[in-house]
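Chemist: This is model_26.txt (compact mmCIF, C-alpha atoms).
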```
# COMPACT_ATOMS: atom_id res chain seq x y z
CA MET G 650 18.03 -32.83 8.85
CA SER G 651 17.88 -29.76 11.11
CA THR G 652 16.59 -26.39 9.93
CA SER G 653 20.13 -25.00 9.91
CA ASP G 654 21.30 -27.94 7.81
CA LEU G 655 18.46 -27.36 5.34
CA VAL G 656 19.37 -23.69 5.05
CA THR G 657 23.05 -24.53 4.56
CA ALA G 658 22.14 -26.99 1.81
CA ALA G 659 19.86 -24.40 0.17
CA ALA G 660 22.63 -21.79 0.26
CA ARG G 661 25.02 -24.24 -1.39
CA ASP G 662 22.48 -25.08 -4.10
CA LEU G 663 21.80 -21.42 -4.80
CA ALA G 664 25.48 -20.47 -4.93
CA SER G 665 25.89 -23.00 -7.74
CA ARG G 666 23.09 -21.38 -9.75
CA MET G 667 23.83 -17.66 -9.41
CA ASP G 668 26.52 -15.19 -8.41
CA ALA G 669 27.67 -16.02 -4.90
CA ALA G 670 27.31 -12.36 -3.89
CA GLN G 671 23.56 -12.68 -4.44
CA VAL G 672 23.24 -15.34 -1.74
CA GLN G 673 23.91 -14.01 1.74
CA VAL G 674 23.52 -14.82 5.38
CA PRO G 675 21.79 -11.71 6.77
CA ASP G 676 23.99 -9.50 8.93
CA GLY G 677 21.21 -8.51 11.32
CA ALA G 678 20.45 -5.18 9.63
CA GLN G 679 16.78 -4.21 9.57
CA LEU G 680 15.29 -5.38 6.27
CA ILE G 681 11.93 -3.66 6.55
CA TRP G 682 10.63 -0.28 7.55
CA ASN G 683 9.08 -1.42 10.86
CA ALA G 684 11.57 -1.96 13.69
CA ALA G 685 8.84 -3.51 15.84
CA VAL G 686 9.03 -6.63 13.65
CA ARG G 687 11.73 -8.95 15.00
CA HIS G 688 11.68 -11.54 12.21
CA ARG G 689 15.15 -12.55 11.10
CA PRO G 690 15.67 -14.72 8.02
CA ALA G 691 18.37 -17.38 7.83
CA LEU G 692 19.15 -16.75 4.18
CA LEU G 693 18.81 -13.75 1.86
CA VAL G 694 18.75 -13.95 -1.94
CA ARG G 695 19.00 -10.79 -4.04
CA PRO G 696 17.86 -11.77 -7.55
CA ARG G 697 18.66 -9.84 -10.70
CA SER G 698 16.21 -11.63 -12.97
CA ALA G 699 13.11 -13.79 -13.00
CA ARG G 700 15.42 -16.79 -13.52
CA ASP G 701 17.15 -16.02 -10.23
CA VAL G 702 13.76 -15.85 -8.50
CA GLN G 703 12.83 -19.14 -10.12
CA ALA G 704 16.01 -20.76 -8.80
CA ALA G 705 15.39 -19.43 -5.27
CA ILE G 706 11.83 -20.75 -5.19
CA ARG G 707 12.78 -24.17 -6.54
CA VAL G 708 15.69 -24.58 -4.14
CA ALA G 709 13.64 -23.46 -1.14
CA ARG G 710 10.89 -25.92 -2.02
CA ASP G 711 13.26 -28.78 -2.78
CA ARG G 712 15.06 -28.25 0.53
CA GLY G 713 11.92 -27.66 2.58
CA VAL G 714 12.86 -24.10 3.56
CA ARG G 715 10.11 -21.54 4.11
CA LEU G 716 10.33 -18.44 1.94
CA SER G 717 8.94 -14.93 1.59
CA VAL G 718 9.21 -12.14 -0.97
CA LEU G 719 10.44 -8.67 0.02
CA GLY G 720 9.58 -5.71 -2.22
CA GLY G 721 9.51 -2.16 -0.87
CA GLY G 722 9.58 -3.37 2.74
CA HIS G 723 6.52 -1.44 3.97
CA ASP G 724 4.36 -4.35 5.08
CA TRP G 725 3.95 -3.23 8.68
CA ALA G 726 3.13 -6.77 9.87
CA GLY G 727 6.44 -8.15 8.60
CA ARG G 728 5.12 -10.91 6.35
CA ALA G 729 7.76 -10.02 3.76
CA VAL G 730 10.49 -11.30 6.11
CA CYS G 731 10.24 -15.00 6.82
CA ASP G 732 11.60 -15.71 10.30
CA GLY G 733 14.27 -18.38 10.05
CA GLY G 734 13.64 -18.95 6.35
CA LEU G 735 14.70 -17.63 2.96
CA VAL G 736 13.85 -14.10 1.86
CA ILE G 737 13.82 -13.20 -1.83
CA ASP G 738 14.80 -9.52 -1.68
CA MET G 739 13.67 -7.75 -4.87
CA SER G 740 15.49 -4.50 -4.07
CA GLY G 741 17.97 -5.05 -6.89
CA MET G 742 15.22 -5.33 -9.52
CA GLN G 743 14.54 -1.62 -9.96
CA SER G 744 14.42 -1.18 -13.70
CA VAL G 745 11.69 1.01 -15.22
CA THR G 746 11.18 0.95 -18.98
CA VAL G 747 8.87 3.60 -20.41
CA ASP G 748 7.01 3.47 -23.72
CA PRO G 749 5.75 7.03 -24.12
CA MET G 750 3.76 6.15 -27.25
CA THR G 751 1.60 3.49 -25.60
CA ARG G 752 1.88 5.18 -22.17
CA ILE G 753 2.95 1.95 -20.49
CA ALA G 754 5.80 1.36 -18.05
CA THR G 755 7.38 -1.99 -17.29
CA VAL G 756 8.33 -1.90 -13.63
CA GLY G 757 10.73 -4.21 -11.78
CA GLY G 758 9.59 -6.01 -8.65
CA GLY G 759 11.72 -3.83 -6.38
CA VAL G 760 10.70 -0.41 -7.70
CA ILE G 761 9.31 2.10 -5.20
CA ALA G 762 6.80 4.80 -6.09
CA THR G 763 9.32 7.63 -6.48
CA GLY G 764 11.49 5.42 -8.67
CA LEU G 765 8.59 4.98 -11.07
CA ILE G 766 7.45 8.61 -10.95
CA ASP G 767 10.96 9.94 -11.54
CA ALA G 768 11.38 7.61 -14.54
CA VAL G 769 8.15 8.67 -16.26
CA ALA G 770 8.24 12.41 -15.40
CA PRO G 771 10.54 13.40 -18.32
CA TYR G 772 7.77 12.24 -20.68
CA GLY G 773 5.11 14.37 -18.94
CA LEU G 774 3.51 11.22 -17.54
CA VAL G 775 2.49 9.91 -14.11
CA ALA G 776 1.33 6.62 -12.66
CA ALA G 777 -1.29 5.92 -10.02
CA THR G 778 0.61 5.36 -6.77
CA GLY G 779 -0.04 5.48 -3.05
CA ASN G 780 0.59 8.54 -0.90
CA CYS G 781 4.19 7.78 0.11
CA GLY G 782 7.08 7.72 -2.29
CA GLY G 783 9.02 5.04 -0.42
CA VAL G 784 6.38 2.32 -0.70
CA GLY G 785 7.02 -0.57 -3.10
CA MET G 786 4.87 -0.45 -6.22
CA ALA G 787 4.27 -4.21 -6.46
CA GLY G 788 2.84 -4.70 -2.98
CA LEU G 789 0.83 -1.49 -3.12
CA THR G 790 -0.63 -2.26 -6.54
CA LEU G 791 -1.50 -5.90 -5.97
CA GLY G 792 -3.42 -5.04 -2.79
CA GLY G 793 -5.30 -2.01 -4.15
CA GLY G 794 -3.42 1.25 -3.92
CA TYR G 795 -5.28 4.37 -2.73
CA GLY G 796 -3.52 7.58 -3.68
CA PRO G 797 -3.76 11.21 -4.74
CA LEU G 798 -4.92 10.39 -8.26
CA ASN G 799 -7.50 7.66 -7.59
CA GLY G 800 -10.46 9.93 -8.32
CA ARG G 801 -9.23 10.65 -11.85
CA PHE G 802 -7.23 7.56 -12.82
CA GLY G 803 -8.46 4.86 -10.46
CA LEU G 804 -6.59 2.85 -7.85
CA ALA G 805 -3.11 1.57 -8.60
CA VAL G 806 -4.60 -1.90 -9.12
CA ASP G 807 -6.91 -0.52 -11.83
CA ASN G 808 -3.85 0.51 -13.83
CA LEU G 809 -2.16 -2.89 -13.79
CA LEU G 810 -2.05 -4.28 -17.35
CA GLY G 811 0.02 -7.38 -16.79
CA ALA G 812 2.64 -9.06 -14.62
CA GLU G 813 5.49 -11.52 -14.91
CA VAL G 814 5.02 -14.05 -12.12
CA VAL G 815 7.11 -16.94 -10.84
CA LEU G 816 4.69 -19.51 -9.46
CA ALA G 817 5.23 -21.87 -6.54
CA ASP G 818 6.13 -24.72 -8.91
CA GLY G 819 8.84 -22.54 -10.48
CA ARG G 820 7.06 -21.76 -13.73
CA ILE G 821 7.49 -18.24 -15.08
CA VAL G 822 4.21 -17.01 -16.53
CA THR G 823 2.70 -13.80 -17.83
CA ALA G 824 -0.63 -12.79 -16.31
CA SER G 825 -2.83 -10.42 -18.28
CA ALA G 826 -6.31 -10.17 -19.72
CA ALA G 827 -5.20 -12.49 -22.53
CA GLN G 828 -2.80 -14.82 -20.69
CA GLU G 829 -3.62 -16.56 -17.41
CA PRO G 830 -6.67 -14.32 -17.00
CA GLU G 831 -7.76 -15.92 -13.73
CA LEU G 832 -4.34 -15.30 -12.19
CA PHE G 833 -4.49 -11.73 -13.47
CA TRP G 834 -7.90 -11.30 -11.85
CA ALA G 835 -6.64 -12.66 -8.52
CA LEU G 836 -3.48 -10.55 -8.49
CA ARG G 837 -5.57 -7.38 -8.75
CA GLY G 838 -6.58 -7.21 -5.10
CA GLY G 839 -5.37 -10.57 -3.81
CA GLY G 840 -1.80 -9.39 -3.33
CA GLY G 841 1.33 -11.47 -3.70
CA ASN G 842 -0.38 -14.66 -2.55
CA PHE G 843 -0.09 -16.46 -5.88
CA GLY G 844 3.57 -16.12 -6.84
CA ALA G 845 6.52 -13.77 -6.90
CA VAL G 846 5.82 -10.80 -9.19
CA THR G 847 9.13 -9.93 -10.85
CA SER G 848 7.77 -7.16 -13.08
CA MET G 849 4.53 -5.35 -13.89
CA ARG G 850 3.15 -3.43 -16.83
CA VAL G 851 1.28 -0.34 -15.64
CA ARG G 852 -0.77 2.27 -17.45
CA LEU G 853 0.57 5.84 -17.46
CA HIS G 854 -1.29 9.13 -17.76
CA PRO G 855 -0.36 12.57 -19.10
CA LEU G 856 0.09 15.02 -16.23
CA ASP G 857 2.84 17.58 -15.86
CA ARG G 858 1.86 19.31 -12.63
CA LEU G 859 -0.97 19.22 -10.13
CA ILE G 860 -2.08 21.35 -7.20
CA GLY G 861 -1.03 19.72 -3.97
CA GLY G 862 0.13 20.43 -0.46
CA MET G 863 -1.12 20.53 3.09
CA ILE G 864 -3.61 22.59 5.09
CA MET G 865 -3.61 22.21 8.89
CA PHE G 866 -6.25 23.29 11.40
CA PRO G 867 -6.27 23.22 15.23
CA LEU G 868 -7.99 20.21 16.78
CA SER G 869 -10.66 22.49 18.26
CA GLN G 870 -11.96 23.02 14.70
CA ALA G 871 -11.96 19.31 13.76
CA ALA G 872 -15.73 18.79 13.73
CA THR G 873 -16.34 21.94 11.69
CA VAL G 874 -13.62 21.09 9.18
CA TRP G 875 -14.72 17.50 8.65
CA ARG G 876 -18.39 18.45 8.34
CA GLY G 877 -17.43 21.02 5.74
CA LEU G 878 -15.17 18.56 3.94
CA GLN G 879 -18.02 16.06 3.72
CA GLY G 880 -20.05 18.67 1.87
CA VAL G 881 -17.19 19.60 -0.46
CA LEU G 882 -16.43 16.00 -1.37
CA ALA G 883 -20.08 15.20 -2.05
CA THR G 884 -19.81 17.20 -5.27
CA ALA G 885 -16.06 17.07 -5.88
CA PRO G 886 -15.00 16.29 -9.47
CA ASP G 887 -12.82 13.28 -10.27
CA VAL G 888 -9.77 15.53 -10.53
CA MET G 889 -9.88 16.43 -6.83
CA THR G 890 -8.97 13.81 -4.24
CA VAL G 891 -8.53 14.95 -0.64
CA GLN G 892 -6.83 12.92 2.05
CA SER G 893 -7.44 14.11 5.59
CA GLY G 894 -6.41 13.04 9.05
CA LEU G 895 -4.69 13.83 12.31
CA MET G 896 -1.03 14.47 13.06
CA SER G 897 1.13 16.69 15.23
CA GLY G 898 0.85 20.31 14.13
CA PRO G 899 3.58 22.95 13.94
CA ASP G 900 3.28 23.60 17.69
CA GLY G 901 3.47 19.90 18.57
CA ASN G 902 -0.21 19.60 19.43
CA PRO G 903 -2.61 17.32 17.52
CA ALA G 904 -4.00 19.00 14.42
CA VAL G 905 -6.39 18.17 11.60
CA TYR G 906 -4.87 18.14 8.13
CA LEU G 907 -6.23 18.19 4.60
CA GLN G 908 -4.01 17.03 1.76
CA PRO G 909 -5.67 18.00 -1.52
CA ALA G 910 -4.55 16.82 -4.93
CA TRP G 911 -6.10 18.56 -7.95
CA SER G 912 -5.06 16.98 -11.26
CA GLY G 913 -7.23 19.06 -13.61
CA ASP G 914 -6.94 22.59 -14.99
CA LEU G 915 -4.67 24.50 -12.64
CA ARG G 916 -6.54 27.81 -12.71
CA SER G 917 -9.88 26.35 -11.69
CA GLY G 918 -8.09 24.04 -9.28
CA LEU G 919 -6.64 26.89 -7.28
CA ALA G 920 -10.13 28.22 -6.59
CA ALA G 921 -11.37 24.76 -5.56
CA VAL G 922 -8.45 24.12 -3.24
CA ASP G 923 -8.68 27.63 -1.75
CA LEU G 924 -12.22 26.71 -0.68
CA LEU G 925 -10.79 24.02 1.60
CA ALA G 926 -8.85 26.62 3.56
CA THR G 927 -12.12 28.40 4.39
CA LEU G 928 -13.48 25.36 6.26
CA GLY G 929 -11.78 26.73 9.39
CA THR G 930 -8.95 29.02 10.43
CA PRO G 931 -5.79 27.27 9.23
CA LEU G 932 -2.64 26.96 11.26
CA THR G 933 -0.70 26.59 8.01
CA THR G 934 -1.58 26.55 4.33
CA GLN G 935 1.02 25.29 1.89
CA VAL G 936 -0.69 24.52 -1.40
CA ALA G 937 0.66 25.25 -4.88
CA PRO G 938 1.17 23.76 -8.35
CA VAL G 939 3.86 21.09 -7.90
CA ALA G 940 5.34 18.05 -9.58
CA TYR G 941 3.79 14.74 -8.53
CA HIS G 942 7.10 13.70 -6.98
CA ASP G 943 6.73 16.55 -4.47
CA VAL G 944 3.27 15.37 -3.43
CA LEU G 945 4.69 11.94 -2.57
CA ARG G 946 7.43 13.50 -0.46
CA LEU G 947 4.95 15.07 1.97
CA PHE G 948 4.55 11.87 3.97
CA ASP G 949 7.97 10.36 3.33
CA VAL G 950 9.36 12.76 5.93
CA GLY G 951 7.39 11.01 8.67
CA CYS G 952 7.69 7.43 7.38
CA VAL G 953 11.11 6.89 8.88
CA ARG G 954 12.75 3.49 8.58
CA GLY G 955 13.84 2.12 11.93
CA LEU G 956 10.96 3.41 14.04
CA CYS G 957 8.33 1.06 15.50
CA TRP G 958 4.91 0.92 13.90
CA ALA G 959 1.51 -0.72 14.34
CA VAL G 960 -1.45 -0.18 12.01
CA ARG G 961 -5.18 -0.68 12.38
CA THR G 962 -7.88 0.25 9.88
CA ARG G 963 -11.60 0.80 9.47
CA THR G 964 -13.62 1.73 6.39
CA VAL G 965 -16.53 4.17 6.70
CA ALA G 966 -19.10 5.62 4.32
CA GLY G 967 -18.53 9.21 5.37
CA TYR G 968 -17.70 11.76 8.05
CA THR G 969 -20.75 11.16 10.21
CA PRO G 970 -21.00 12.84 13.65
CA GLU G 971 -20.14 9.52 15.29
CA VAL G 972 -17.05 9.03 13.14
CA ILE G 973 -15.92 12.59 13.80
CA ASP G 974 -16.39 12.16 17.56
CA ALA G 975 -14.27 8.99 17.50
CA LEU G 976 -11.52 10.74 15.55
CA VAL G 977 -11.44 13.73 17.90
CA GLU G 978 -11.24 11.44 20.91
CA ALA G 979 -8.41 9.56 19.21
CA ALA G 980 -6.46 12.81 18.92
CA ARG G 981 -7.02 13.65 22.58
CA ALA G 982 -5.80 10.21 23.64
CA LEU G 983 -2.66 10.14 21.46
CA THR G 984 0.24 8.32 23.16
CA SER G 985 2.98 9.50 20.81
CA PRO G 986 3.61 12.68 18.82
CA ARG G 987 4.66 10.44 15.92
CA SER G 988 1.34 8.60 15.72
CA LEU G 989 -1.24 9.74 13.19
CA ILE G 990 -4.44 8.94 11.34
CA SER G 991 -4.72 9.12 7.56
CA ILE G 992 -8.09 8.96 5.82
CA HIS G 993 -8.09 7.94 2.15
CA HIS G 994 -11.02 8.95 -0.06
CA CYS G 995 -12.20 6.47 -2.69
CA HIS G 996 -14.33 8.14 -5.35
CA GLY G 997 -14.59 8.90 -9.04
CA ALA G 998 -12.82 6.51 -11.42
CA SER G 999 -12.07 4.08 -8.58
CA THR G 1000 -15.79 3.51 -8.05
CA ARG G 1001 -16.63 2.94 -11.72
CA VAL G 1002 -15.07 -0.52 -11.88
CA ALA G 1003 -17.48 -3.42 -11.43
CA PRO G 1004 -16.82 -5.23 -8.10
CA GLU G 1005 -16.39 -8.56 -9.87
CA GLU G 1006 -13.93 -7.20 -12.46
CA THR G 1007 -10.98 -7.45 -10.05
CA ALA G 1008 -10.42 -9.27 -6.76
CA PHE G 1009 -10.50 -5.83 -5.12
CA ALA G 1010 -14.23 -5.65 -4.48
CA ASN G 1011 -15.13 -2.46 -2.58
CA ARG G 1012 -16.16 -0.10 -5.36
CA ARG G 1013 -18.63 2.03 -3.44
CA PRO G 1014 -17.53 5.54 -2.49
CA HIS G 1015 -15.88 5.23 0.91
CA PHE G 1016 -13.13 6.39 3.25
CA VAL G 1017 -10.34 4.15 4.54
CA ILE G 1018 -9.18 5.23 7.98
CA GLU G 1019 -5.56 4.25 8.56
CA ILE G 1020 -4.72 4.31 12.28
CA VAL G 1021 -0.95 4.47 12.71
CA ALA G 1022 0.77 4.07 16.05
CA CYS G 1023 4.45 5.02 15.96
CA TRP G 1024 7.06 5.02 18.69
CA GLU G 1025 10.84 4.96 18.94
CA THR G 1026 11.79 2.01 21.16
CA GLY G 1027 10.31 -0.58 23.51
CA ASP G 1028 7.46 -3.03 23.20
CA GLY G 1029 4.92 -0.27 22.51
CA ALA G 1030 2.03 -1.96 24.31
CA HIS G 1031 0.30 1.31 25.22
CA HIS G 1032 0.75 2.67 21.69
CA ARG G 1033 -0.83 -0.46 20.21
CA ALA G 1034 -3.59 -0.16 22.82
CA TRP G 1035 -4.32 3.35 21.53
CA ALA G 1036 -4.64 2.07 17.96
CA ASP G 1037 -6.89 -0.78 19.14
CA ALA G 1038 -9.11 1.63 21.06
CA VAL G 1039 -9.54 3.90 18.03
CA SER G 1040 -10.39 0.91 15.85
CA ASP G 1041 -12.91 -0.35 18.40
CA ALA G 1042 -14.55 3.08 18.68
CA LEU G 1043 -14.98 3.25 14.90
CA ALA G 1044 -16.18 -0.35 14.50
CA PRO G 1045 -19.92 0.32 15.13
CA HIS G 1046 -19.91 2.96 12.39
CA ALA G 1047 -17.77 1.06 9.87
CA ILE G 1048 -18.52 -0.86 6.70
CA SER G 1049 -17.83 -4.59 7.08
CA GLY G 1050 -14.45 -5.75 5.86
CA GLY G 1051 -11.49 -3.46 5.36
CA TYR G 1052 -8.53 -2.63 3.19
CA ALA G 1053 -6.47 -5.83 3.02
CA ASN G 1054 -3.17 -4.00 2.45
CA LEU G 1055 -3.49 -2.58 5.99
CA LEU G 1056 -5.05 -5.54 7.81
CA GLY G 1057 -2.95 -7.58 10.22
CA PRO G 1058 -3.19 -11.20 11.34
CA GLY G 1059 -5.39 -10.27 14.29
CA ASP G 1060 -8.08 -8.59 12.18
CA LYS G 1061 -9.94 -11.83 11.52
CA ALA G 1062 -13.49 -10.46 11.26
CA GLN G 1063 -12.43 -7.79 8.77
CA ILE G 1064 -10.31 -10.25 6.76
CA GLU G 1065 -13.28 -12.53 6.18
CA LYS G 1066 -15.26 -9.68 4.61
CA ALA G 1067 -12.44 -7.72 2.94
CA HIS G 1068 -13.02 -9.16 -0.54
CA GLY G 1069 -16.81 -9.24 -0.39
CA ASP G 1070 -18.50 -11.57 -2.86
CA ASN G 1071 -15.13 -12.24 -4.52
CA ALA G 1072 -13.86 -14.31 -1.57
CA ALA G 1073 -14.74 -17.79 -2.86
CA ARG G 1074 -13.28 -17.11 -6.31
CA LEU G 1075 -10.13 -15.70 -4.74
CA ILE G 1076 -9.59 -18.77 -2.58
CA ALA G 1077 -10.18 -21.00 -5.60
CA ALA G 1078 -7.41 -19.13 -7.40
CA LYS G 1079 -5.14 -19.59 -4.39
CA LYS G 1080 -5.74 -23.35 -4.43
CA ARG G 1081 -5.07 -23.46 -8.16
CA TYR G 1082 -1.88 -21.42 -8.31
CA ASP G 1083 -0.40 -21.97 -4.85
CA PRO G 1084 -2.04 -25.07 -3.34
CA ASP G 1085 0.70 -25.52 -0.73
CA ALA G 1086 0.44 -21.92 0.50
CA VAL G 1087 4.07 -21.13 -0.26
CA PHE G 1088 3.37 -17.41 -0.58
CA THR G 1089 1.94 -15.36 2.27
CA ALA G 1090 1.19 -11.72 1.53
CA ILE G 1091 -1.86 -9.68 2.48
CA PRO G 1092 -4.40 -11.76 4.46
CA LEU G 1093 -6.97 -13.79 2.54
CA PRO G 1094 -10.35 -15.00 3.79
CA SER G 1095 -10.69 -18.62 4.91
CA VAL G 1096 -13.47 -19.75 2.57
CA SER G 1097 -13.61 -23.55 2.57
```
Could you take the file, read its structure, and then write that structure out as structure tokens?
Modeler:
Amino acid sequence: MSTSDLVTAAARDLASRMDAAQVQVPDGAQLIWNAAVRHRPALLVRPRSARDVQAAIRVARDRGVRLSVLGGGHDWAGRAVCDGGLVIDMSGMQSVTVDPMTRIATVGGGVIATGLIDAVAPYGLVAATGNCGGVGMAGLTLGGGYGPLNGRFGLAVDNLLGAEVVLADGRIVTASAAQEPELFWALRGGGGNFGAVTSMRVRLHPLDRLIGGMIMFPLSQAATVWRGLQGVLATAPDVMTVQSGLMSGPDGNPAVYLQPAWSGDLRSGLAAVDLLATLGTPLTTQVAPVAYHDVLRLFDVGCVRGLCWAVRTRTVAGYTPEVIDALVEAARALTSPRSLISIHHCHGASTRVAPEETAFANRRPHFVIEIVACWETGDGAHHRAWADAVSDALAPHAISGGYANLLGPGDKAQIEKAHGDNAARLIAAKKRYDPDAVFTAIPLPSVS
């Protein structure tokens, strides 16, 4: 039977098990954020429940059709969209149920960060998220999840309390510390490689407002600013996490930015954040007490769906002179005003989790450098070449491995080291829960 015949048979089987409107032949519209990905599925299923997901997985397996799971749609490499296969699109599963007494939210598989934050804000609560509001919570959390609150509350993965998972054999299970503990361990850093996560239980934290915003400096002050930032962060309390990086400034030229997030006492926080502005002569300073939702919106403006993107990453121990030189050269060689570099600081609560406690292993203080090439149309070869050159320049000064949520299929050396000493256990979990490799999410090492 041809592939098209298999897909037709799968569509017929699914239509008999759920509402016909949930089973669609894609119309060619872009399903994910990155227009550089040309994958086009043959069949799209929009589930409303774990039972619908179960049906989709069983039918795809019975009919021999490849499948993938689409959450927020921000996997830059496009693994969420199975070319020529069946995509389980979780975008309809956006329920958020909040228990303000236990400070726990139950989050549907299609919920994005702002959806969660907006649901918990009326209770004076927040959740640990990434830096962009449009990113799906499931994919972010299962791979790690650096964000503005990781110094105080840990990574997003550290706040995962449990998950409802549909396994490759169609079983619906709960993974938590008490139930399927090995699956729960693997999910926390191993991504969606073990099943389709239809909902998660995440820990919430009391926080009404924080001090956040953006400070931008001219590129000529980059070395001075980053040297000063290194000193500030060496003694920074858990309540202050500072992302930094490079992007186009208000005049269109490359600029250095600092994005502080202070989640402690607001009065003392203003003094601490004001200190950052003295590291150079700012082009702009826009920092104030804000709702967490507003912090997430800072980068959503630039993360436009329909543009073309390529991402590279390196992890470093600090802003050494060599790292700073490589970053400054990257700014000078920029091929697009839309391209940028974001540097995520891992410290505080995120570093006080034992490496073996979760599959996410890098618990030393560190900085994840996210190298983002962005362009409007075309094959983007020279933009990707810029990202490759920046990655290569940083490689001699980087920690082995990397952040798996950002690694692509070509980053083989980093993939093999990304989970440190947890690699063998992670692969054993993969063989146990998904021996036929039905699910492909963030890259896993190839331990035999």
Chemist: Out of G:Gly734, G:Gly759, G:Gly838, G:Pro749, which residue has the shortest atom-to-atom distance to G:Leu719 when counting only C-alpha atoms?
Modeler: G:Gly759
Chemist: With stretch 672-695 of chain G as the partner and 9 Å as the cut-off, tabulate the residues of stretch 946-1046 of chain G that qualify, each row holding the nearest pair of atoms and their distance in Å to one decimal, using only C-alpha atoms, sorted by chain and rising number, as a Markdown table.
Modeler:
```
| residue | atom | partner | partner_atom | distance |
| --- | --- | --- | --- | --- |
| G:Cys952 | CA | G:Trp682 | CA | 8.3 |
| G:Val953 | CA | G:Trp682 | CA | 7.3 |
| G:Arg954 | CA | G:Trp682 | CA | 4.4 |
| G:Gly955 | CA | G:Ala684 | CA | 5.0 |
| G:Leu956 | CA | G:Ala684 | CA | 5.4 |
| G:Cys957 | CA | G:Ala685 | CA | 4.6 |
| G:Trp958 | CA | G:Asn683 | CA | 5.7 |
| G:Ala959 | CA | G:Ala685 | CA | 8.0 |
| G:Glu1025 | CA | G:Ala684 | CA | 8.7 |
| G:Thr1026 | CA | G:Ala685 | CA | 8.2 |
| G:Gly1027 | CA | G:Ala685 | CA | 8.3 |
| G:Asp1028 | CA | G:Ala685 | CA | 7.5 |
| G:Gly1029 | CA | G:Ala685 | CA | 8.4 |
```
Chemist: Quick one: residues within 9 Å of G:Asn1071, only C-alpha atoms, excluding same-chain residues fewer than 3 positions away - as a list in words?
Modeler: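 Counting only C-alpha atoms, the residues come to Pro1004, Glu1005, Thr1007, Ala1008, Phe1009, Ala1010, His1068, Arg1074, Leu1075 and Ile1076 of chain G.
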Chemist: Output C-alpha atoms for every residue in the selection just made, as a short mmCIF file (atom, residue, chain, number, x, y, z; two decimals), in the frame of the given file.
Modeler:
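Written out: again-v3.cif:
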```cif
data_model
loop_
_atom_site.label_atom_id
_atom_site.label_comp_id
_atom_site.auth_asym_id
_atom_site.auth_seq_id
_atom_site.Cartn_x
_atom_site.Cartn_y
_atom_site.Cartn_z
CA PRO G 1004 -16.82 -5.23 -8.10
CA GLU G 1005 -16.39 -8.56 -9.87
CA THR G 1007 -10.98 -7.45 -10.05
CA ALA G 1008 -10.42 -9.27 -6.76
CA PHE G 1009 -10.50 -5.83 -5.12
CA ALA G 1010 -14.23 -5.65 -4.48
CA HIS G 1068 -13.02 -9.16 -0.54
CA ARG G 1074 -13.28 -17.11 -6.31
CA LEU G 1075 -10.13 -15.70 -4.74
CA ILE G 1076 -9.59 -18.77 -2.58
#
```
Chemist: Excluding stretch 966-979 of chain G and its own-chain neighbours fewer than 2 positions away, which residues fall within 10 Å of it when counting only C-alpha atoms? Please give them as JSON, numbers by chain.
Modeler: {"G": [868, 869, 870, 871, 872, 873, 874, 875, 876, 877, 878, 879, 880, 882, 883, 894, 895, 903, 904, 905, 964, 981, 982, 983, 984, 989, 990, 994, 995, 1013, 1014, 1015, 1016, 1017, 1018, 1020, 1035, 1036, 1038, 1039, 1040, 1041, 1042, 1043, 1044, 1045, 1046, 1047, 1048]}
Chemist: Using only C-alpha atoms for the distances, tell me which of G:Ala776, G:Ala845, G:Ala704, G:Val814 is nearest to G:Phe802.
Modeler: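 Of all the options, G:Ala776 lies closest to G:Phe802.
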Chemist: At most 10 Å is the cut-off: for each residue in stretch 799-908 of chain G with any atom that close to an atom of stretch 938-951 of chain G, write down the nearest atom pair and the distance in Å rounded to one decimal, counting all atoms listed in the file, chain first then increasing number, as a tab-separated table.
Modeler:
```
residue	atom	partner	partner_atom	distance
G:Leu856	CA	G:Tyr941	CA	8.5
G:Asp857	CA	G:Ala940	CA	6.8
G:Arg858	CA	G:Ala940	CA	4.8
G:Leu859	CA	G:Pro938	CA	5.3
G:Ile860	CA	G:Pro938	CA	4.2
G:Gly861	CA	G:Val944	CA	6.1
G:Gly862	CA	G:Val944	CA	6.7
G:Met863	CA	G:Leu947	CA	8.2
G:Gln908	CA	G:Val944	CA	9.1
```
Chemist: Tell me which of G:Ala1078, G:Gly783, G:Leu663, G:Ser999 sits closest to G:Gly764, counting only C-alpha atoms.
Modeler: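 For G:Gly764, the nearest of the candidates is G:Gly783.
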